[in-house]
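Single-structure report; data block below.
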Amino acid sequence: AAFLAVAGVLTYHAVRSLEAVEVFKKKYEAAYMECTKGIEPGSDQLGPKSVLKPDLMQHGRYDVDFYIEEANRLFKDFRREVLDVLANAADPTGKVVTILSNKKGRERAAEKIRLDYDGVAAKVKDYLRGALVVTTMPEVCRVWCAIEELKAQGKLEVMGIKNRFRGKPTSTGYRDINMSVEFKGHVC
């Protein structure tokens, strides 16, 4: 009887969790429809096309500590020379865009290396990472234009793009653009 009670509680919570996911999925879809109103599917107004490079990795065959130290060394420059520039391009007033930046922790990096990358530390592409949270497609496009400018100035190289505004959202309805760039020899 205790087993049935526990199974019943777990089933109830699983169903409630799925219902919550469906609520968020509908909210994401509504936000996407509002954000892209008047934009044709596949349009450049939805940001850059996806460019996936499955063999992308850090330069060299170093250990996790090397890449973490490299990320630590580049962190402030990456924030100032890339993320701040992109945020300013999206919204020069500085009121709308949220910048998130951090470094992957050693424990999580080691876990990814062990579970996903056959022990090769160079396969981790986000020892150093950042995100911009914007609220409109014009802001997304201004960020992309600023990335193109940084690329033209030789400050970074775009290594890969996954654009969920042009393609399918995640299973929960979430959409974003994930990008790998090389900054001062480090894939971020």
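Please note that chains go A, B, ... in the order of the structure tokens, that every chain numbers its residues from 1, and that ligands are numbered from 1 in the order shown.
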Contacts of region 85-88 of chain A within 10 Å, only C-alpha atoms, excl. fewer than 2 positions in-chain, as a ChimeraX atom specification: /A:78-83,90-99,131-134,139-140,142-147,149-150
Report as a PDB file with all heavy atoms, in the first residue's frame all protein, DNA and RNA residues lying within 10 Å of Val158 (chain A), evaluated on only C-alpha atoms, omitting residues in the same chain fewer than 6 positions from it.
ATOM      1  N   VAL A  51      24.678  27.730 -38.539  1.00  0.00           N
ATOM      2  CA  VAL A  51      25.892  27.162 -39.120  1.00  0.00           C
ATOM      3  C   VAL A  51      26.484  26.276 -38.034  1.00  0.00           C
ATOM      4  O   VAL A  51      27.003  26.778 -37.039  1.00  0.00           O
ATOM      5  CB  VAL A  51      26.920  28.255 -39.508  1.00  0.00           C
ATOM      6  CG1 VAL A  51      28.185  27.625 -40.052  1.00  0.00           C
ATOM      7  CG2 VAL A  51      26.330  29.248 -40.485  1.00  0.00           C
ATOM      8  N   ILE A 147      28.032  41.960 -34.115  1.00  0.00           N
ATOM      9  CA  ILE A 147      28.929  40.797 -34.210  1.00  0.00           C
ATOM     10  C   ILE A 147      29.671  40.844 -35.544  1.00  0.00           C
ATOM     11  O   ILE A 147      30.885  40.611 -35.606  1.00  0.00           O
ATOM     12  CB  ILE A 147      28.152  39.475 -34.037  1.00  0.00           C
ATOM     13  CG1 ILE A 147      27.719  39.328 -32.575  1.00  0.00           C
ATOM     14  CG2 ILE A 147      28.971  38.274 -34.493  1.00  0.00           C
ATOM     15  CD1 ILE A 147      26.731  38.219 -32.314  1.00  0.00           C
ATOM     16  N   GLU A 148      28.950  41.157 -36.596  1.00  0.00           N
ATOM     17  CA  GLU A 148      29.576  41.268 -37.915  1.00  0.00           C
ATOM     18  C   GLU A 148      30.656  42.365 -37.918  1.00  0.00           C
ATOM     19  O   GLU A 148      31.709  42.190 -38.525  1.00  0.00           O
ATOM     20  CB  GLU A 148      28.511  41.568 -38.983  1.00  0.00           C
ATOM     21  CG  GLU A 148      27.586  40.392 -39.251  1.00  0.00           C
ATOM     22  CD  GLU A 148      28.229  39.353 -40.139  1.00  0.00           C
ATOM     23  OE1 GLU A 148      28.560  39.664 -41.294  1.00  0.00           O
ATOM     24  OE2 GLU A 148      28.420  38.219 -39.655  1.00  0.00           O
ATOM     25  N   LEU A 150      32.416  43.410 -35.235  1.00  0.00           N
ATOM     26  CA  LEU A 150      33.555  42.893 -34.458  1.00  0.00           C
ATOM     27  C   LEU A 150      34.356  41.899 -35.290  1.00  0.00           C
ATOM     28  O   LEU A 150      35.590  41.861 -35.217  1.00  0.00           O
ATOM     29  CB  LEU A 150      33.067  42.239 -33.159  1.00  0.00           C
ATOM     30  CG  LEU A 150      32.516  43.185 -32.099  1.00  0.00           C
ATOM     31  CD1 LEU A 150      31.913  42.392 -30.939  1.00  0.00           C
ATOM     32  CD2 LEU A 150      33.599  44.128 -31.593  1.00  0.00           C
ATOM     33  N   LYS A 151      33.655  41.104 -36.066  1.00  0.00           N
ATOM     34  CA  LYS A 151      34.314  40.149 -36.960  1.00  0.00           C
ATOM     35  C   LYS A 151      35.155  40.898 -37.995  1.00  0.00           C
ATOM     36  O   LYS A 151      36.323  40.548 -38.228  1.00  0.00           O
ATOM     37  CB  LYS A 151      33.230  39.296 -37.630  1.00  0.00           C
ATOM     38  CG  LYS A 151      33.722  38.084 -38.330  1.00  0.00           C
ATOM     39  CD  LYS A 151      32.530  37.225 -38.728  1.00  0.00           C
ATOM     40  CE  LYS A 151      32.538  37.003 -40.205  1.00  0.00           C
ATOM     41  NZ  LYS A 151      31.461  36.162 -40.680  1.00  0.00           N
ATOM     42  N   MET A 179      25.612  30.800 -30.044  1.00  0.00           N
ATOM     43  CA  MET A 179      26.703  31.087 -30.955  1.00  0.00           C
ATOM     44  C   MET A 179      28.031  30.743 -30.289  1.00  0.00           C
ATOM     45  O   MET A 179      28.224  31.046 -29.118  1.00  0.00           O
ATOM     46  CB  MET A 179      26.653  32.577 -31.304  1.00  0.00           C
ATOM     47  CG  MET A 179      27.460  32.976 -32.481  1.00  0.00           C
ATOM     48  SD  MET A 179      27.152  34.704 -32.926  1.00  0.00           S
ATOM     49  CE  MET A 179      25.413  34.698 -33.270  1.00  0.00           C
ATOM     50  N   SER A 180      28.908  30.123 -31.039  1.00  0.00           N
ATOM     51  CA  SER A 180      30.284  29.919 -30.583  1.00  0.00           C
ATOM     52  C   SER A 180      31.153  30.895 -31.359  1.00  0.00           C
ATOM     53  O   SER A 180      31.057  30.999 -32.576  1.00  0.00           O
ATOM     54  CB  SER A 180      30.750  28.486 -30.870  1.00  0.00           C
ATOM     55  OG  SER A 180      30.003  27.570 -30.101  1.00  0.00           O
ATOM     56  N   VAL A 181      31.976  31.629 -30.620  1.00  0.00           N
ATOM     57  CA  VAL A 181      32.901  32.572 -31.241  1.00  0.00           C
ATOM     58  C   VAL A 181      34.306  32.277 -30.734  1.00  0.00           C
ATOM     59  O   VAL A 181      34.484  31.741 -29.640  1.00  0.00           O
ATOM     60  CB  VAL A 181      32.532  34.045 -30.955  1.00  0.00           C
ATOM     61  CG1 VAL A 181      31.142  34.374 -31.494  1.00  0.00           C
ATOM     62  CG2 VAL A 181      32.640  34.384 -29.480  1.00  0.00           C
ATOM     63  N   GLU A 182      35.279  32.633 -31.553  1.00  0.00           N
ATOM     64  CA  GLU A 182      36.662  32.554 -31.093  1.00  0.00           C
ATOM     65  C   GLU A 182      37.112  33.959 -30.747  1.00  0.00           C
ATOM     66  O   GLU A 182      37.002  34.877 -31.562  1.00  0.00           O
ATOM     67  CB  GLU A 182      37.555  31.964 -32.179  1.00  0.00           C
ATOM     68  CG  GLU A 182      38.969  31.748 -31.713  1.00  0.00           C
ATOM     69  CD  GLU A 182      39.829  31.043 -32.736  1.00  0.00           C
ATOM     70  OE1 GLU A 182      39.406  29.983 -33.228  1.00  0.00           O
ATOM     71  OE2 GLU A 182      40.910  31.578 -33.029  1.00  0.00           O
ATOM     72  N   PHE A 183      37.564  34.121 -29.508  1.00  0.00           N
ATOM     73  CA  PHE A 183      38.027  35.410 -29.010  1.00  0.00           C
ATOM     74  C   PHE A 183      39.444  35.227 -28.482  1.00  0.00           C
ATOM     75  O   PHE A 183      39.677  34.457 -27.556  1.00  0.00           O
ATOM     76  CB  PHE A 183      37.090  35.896 -27.882  1.00  0.00           C
ATOM     77  CG  PHE A 183      37.524  37.164 -27.220  1.00  0.00           C
ATOM     78  CD1 PHE A 183      37.430  38.372 -27.878  1.00  0.00           C
ATOM     79  CD2 PHE A 183      38.029  37.138 -25.934  1.00  0.00           C
ATOM     80  CE1 PHE A 183      37.840  39.550 -27.254  1.00  0.00           C
ATOM     81  CE2 PHE A 183      38.420  38.303 -25.296  1.00  0.00           C
ATOM     82  CZ  PHE A 183      38.334  39.522 -25.957  1.00  0.00           C
ATOM     83  N   VAL A 187      37.761  29.490 -27.848  1.00  0.00           N
ATOM     84  CA  VAL A 187      36.370  29.312 -28.273  1.00  0.00           C
ATOM     85  C   VAL A 187      35.468  29.568 -27.081  1.00  0.00           C
ATOM     86  O   VAL A 187      35.613  28.953 -26.033  1.00  0.00           O
ATOM     87  CB  VAL A 187      36.136  27.904 -28.849  1.00  0.00           C
ATOM     88  CG1 VAL A 187      34.666  27.723 -29.237  1.00  0.00           C
ATOM     89  CG2 VAL A 187      37.026  27.661 -30.068  1.00  0.00           C
ATOM     90  N   CYS A 188      34.525  30.508 -27.268  1.00  0.00           N
ATOM     91  CA  CYS A 188      33.590  30.918 -26.205  1.00  0.00           C
ATOM     92  C   CYS A 188      32.175  30.604 -26.641  1.00  0.00           C
ATOM     93  O   CYS A 188      31.858  30.646 -27.812  1.00  0.00           O
ATOM     94  CB  CYS A 188      33.689  32.414 -25.965  1.00  0.00           C
ATOM     95  SG  CYS A 188      35.367  33.039 -25.715  1.00  0.00           S
TER      96      CYS A 188
END
In region 27-129 of chain A, DSSP strand (DSSP E or B) residues written as a PyMOL selection string: chain A and resi 51+98-103+128-129
What does the file look like for those residues with N, CA and C atoms, as a PDB file, in the first residue's frame?
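Just written: part17.pdb:
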ATOM      1  N   VAL A  51      24.678  27.730 -38.539  1.00  0.00           N
ATOM      2  CA  VAL A  51      25.892  27.162 -39.120  1.00  0.00           C
ATOM      3  C   VAL A  51      26.484  26.276 -38.034  1.00  0.00           C
ATOM      4  N   THR A  98      19.987  42.725 -20.781  1.00  0.00           N
ATOM      5  CA  THR A  98      20.637  42.117 -19.628  1.00  0.00           C
ATOM      6  C   THR A  98      21.835  41.327 -20.128  1.00  0.00           C
ATOM      7  N   ILE A  99      22.980  41.522 -19.484  1.00  0.00           N
ATOM      8  CA  ILE A  99      24.201  40.783 -19.827  1.00  0.00           C
ATOM      9  C   ILE A  99      24.456  39.762 -18.734  1.00  0.00           C
ATOM     10  N   LEU A 100      24.638  38.516 -19.152  1.00  0.00           N
ATOM     11  CA  LEU A 100      25.022  37.449 -18.229  1.00  0.00           C
ATOM     12  C   LEU A 100      26.357  36.912 -18.716  1.00  0.00           C
ATOM     13  N   SER A 101      27.334  36.836 -17.851  1.00  0.00           N
ATOM     14  CA  SER A 101      28.620  36.281 -18.268  1.00  0.00           C
ATOM     15  C   SER A 101      29.239  35.537 -17.096  1.00  0.00           C
ATOM     16  N   ASN A 102      29.858  34.419 -17.427  1.00  0.00           N
ATOM     17  CA  ASN A 102      30.534  33.644 -16.399  1.00  0.00           C
ATOM     18  C   ASN A 102      31.496  32.660 -17.050  1.00  0.00           C
ATOM     19  N   LYS A 103      32.091  31.858 -16.199  1.00  0.00           N
ATOM     20  CA  LYS A 103      33.014  30.827 -16.656  1.00  0.00           C
ATOM     21  C   LYS A 103      32.495  29.484 -16.162  1.00  0.00           C
ATOM     22  N   LEU A 128      34.430  29.889 -21.226  1.00  0.00           N
ATOM     23  CA  LEU A 128      34.130  31.314 -21.098  1.00  0.00           C
ATOM     24  C   LEU A 128      32.850  31.545 -21.892  1.00  0.00           C
ATOM     25  N   ARG A 129      31.858  32.166 -21.248  1.00  0.00           N
ATOM     26  CA  ARG A 129      30.574  32.298 -21.930  1.00  0.00           C
ATOM     27  C   ARG A 129      29.846  33.568 -21.527  1.00  0.00           C
TER      28      ARG A 129
END
CA of Asp77 (chain A) to CA of Asn163 (chain A), distance in Å rounded to a single decimal: 25.6 Å
Residues near Pro169 (chain A), cut-off 12 Å, only C-alpha atoms, skip fewer than 6 positions along chain, as a list in words: Lys25, Lys26, Tyr28, Glu29, Tyr32, Lys162, Asn163, Arg175, Asp176 and Ile177 of chain A
Atom pair CA of Gln58 (chain A) / CA of Lys123 (chain A): separation (Å): 6.2 Å
Shortest interatomic distance to Met137 (chain A) - which of A:Thr172, A:Ser43, A:Gln153, A:Asn72, counting only C-alpha atoms: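 When distances to Met137 (chain A) are compared using only C-alpha atoms, the smallest one comes from A:Ser43.
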Given only C-alpha atoms as the counted atoms, nearest of A:Leu115, A:Cys141, A:Leu18, A:Leu156 to Ala89 (chain A):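 Closest to Ala89 (chain A) of all the choices is A:Cys141.
For the choices A:Asp84, A:Asp118, A:Glu157, A:Glu22, the atom-to-atom distance to Gly173 (chain A) is smallest for A:Glu22 when using only C-alpha atoms.
Each of A:Met159, A:Ser171, A:Asp126, A:Asp116 was checked against Lys53 (chain A) using only C-alpha atoms; the smallest atom-to-atom distance is that of A:Met159.
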For CA of Leu56 (chain A) and CA of Lys125 (chain A), the interatomic separation in Å (one decimal):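 Computing it gives 7.7 Å between the two atoms.
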Filtered DSSP result for region 21-139 of chain A, state helix (DSSP H, G or I), as a PyMOL selection string: chain A and resi 21-35+44-46+64-90+106-116+121-123+137-139
Could you turn the residues from that selection into a file that holds C-alpha atoms, as an mmCIF file, in the first residue's frame?
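Ended up saving to selection33.cif:
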data_model
loop_
_atom_site.group_PDB
_atom_site.id
_atom_site.type_symbol
_atom_site.label_atom_id
_atom_site.label_comp_id
_atom_site.auth_asym_id
_atom_site.auth_seq_id
_atom_site.Cartn_x
_atom_site.Cartn_y
_atom_site.Cartn_z
ATOM 1 C CA VAL A 21 5.739 22.831 -19.052
ATOM 2 C CA GLU A 22 2.745 23.092 -21.376
ATOM 3 C CA VAL A 23 1.773 26.434 -19.787
ATOM 4 C CA PHE A 24 5.279 27.802 -20.370
ATOM 5 C CA LYS A 25 5.348 26.374 -23.876
ATOM 6 C CA LYS A 26 2.182 28.336 -24.711
ATOM 7 C CA LYS A 27 3.658 31.491 -23.167
ATOM 8 C CA TYR A 28 6.873 31.120 -25.178
ATOM 9 C CA GLU A 29 4.901 30.578 -28.380
ATOM 10 C CA ALA A 30 2.721 33.642 -27.696
ATOM 11 C CA ALA A 31 5.817 35.766 -27.024
ATOM 12 C CA TYR A 32 7.458 34.472 -30.209
ATOM 13 C CA MET A 33 4.363 35.259 -32.277
ATOM 14 C CA GLU A 34 4.210 38.776 -30.835
ATOM 15 C CA CYS A 35 7.948 39.341 -31.294
ATOM 16 C CA ASP A 44 16.928 37.672 -42.242
ATOM 17 C CA GLN A 45 14.904 39.664 -39.695
ATOM 18 C CA LEU A 46 14.971 36.465 -37.606
ATOM 19 C CA VAL A 64 40.930 21.223 -18.222
ATOM 20 C CA ASP A 65 43.033 23.438 -15.945
ATOM 21 C CA PHE A 66 44.767 25.045 -18.932
ATOM 22 C CA TYR A 67 41.466 26.028 -20.566
ATOM 23 C CA ILE A 68 39.963 27.231 -17.287
ATOM 24 C CA GLU A 69 43.003 29.429 -16.651
ATOM 25 C CA GLU A 70 42.753 30.760 -20.199
ATOM 26 C CA ALA A 71 39.060 31.596 -19.634
ATOM 27 C CA ASN A 72 39.931 33.339 -16.360
ATOM 28 C CA ARG A 73 42.607 35.402 -18.109
ATOM 29 C CA LEU A 74 40.245 36.467 -20.930
ATOM 30 C CA PHE A 75 37.078 36.998 -18.877
ATOM 31 C CA LYS A 76 37.281 40.783 -18.301
ATOM 32 C CA ASP A 77 38.394 41.498 -21.870
ATOM 33 C CA PHE A 78 35.583 39.341 -23.270
ATOM 34 C CA ARG A 79 33.044 41.169 -21.156
ATOM 35 C CA ARG A 80 34.354 44.622 -22.119
ATOM 36 C CA GLU A 81 35.349 44.067 -25.767
ATOM 37 C CA VAL A 82 32.489 41.805 -26.826
ATOM 38 C CA LEU A 83 29.490 41.614 -24.490
ATOM 39 C CA ASP A 84 29.374 45.300 -23.545
ATOM 40 C CA VAL A 85 29.749 46.295 -27.214
ATOM 41 C CA LEU A 86 26.926 43.965 -28.246
ATOM 42 C CA ALA A 87 24.635 45.148 -25.447
ATOM 43 C CA ASN A 88 25.251 48.766 -26.413
ATOM 44 C CA ALA A 89 24.425 47.966 -30.039
ATOM 45 C CA ALA A 90 21.151 46.311 -29.048
ATOM 46 C CA ARG A 106 35.993 22.986 -13.056
ATOM 47 C CA GLU A 107 33.657 20.337 -11.637
ATOM 48 C CA ARG A 108 31.067 20.797 -14.401
ATOM 49 C CA ALA A 109 33.761 20.950 -17.091
ATOM 50 C CA ALA A 110 35.292 17.698 -15.834
ATOM 51 C CA GLU A 111 31.853 16.062 -15.839
ATOM 52 C CA LYS A 112 31.196 17.166 -19.461
ATOM 53 C CA ILE A 113 34.637 15.960 -20.519
ATOM 54 C CA ARG A 114 34.051 12.572 -18.919
ATOM 55 C CA LEU A 115 30.424 12.057 -20.010
ATOM 56 C CA ASP A 116 30.226 13.772 -23.397
ATOM 57 C CA ALA A 121 39.137 18.810 -22.534
ATOM 58 C CA ALA A 122 39.495 20.741 -25.808
ATOM 59 C CA LYS A 123 35.975 19.703 -26.835
ATOM 60 C CA MET A 137 13.767 40.930 -33.011
ATOM 61 C CA PRO A 138 15.189 44.350 -34.016
ATOM 62 C CA GLU A 139 17.474 44.096 -30.934
#
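Shortest atom-to-atom contact with Gly154 (chain A) among A:Tyr127, A:Lys184, A:Pro41, A:Lys168: A:Lys184, counting only C-alpha atoms.
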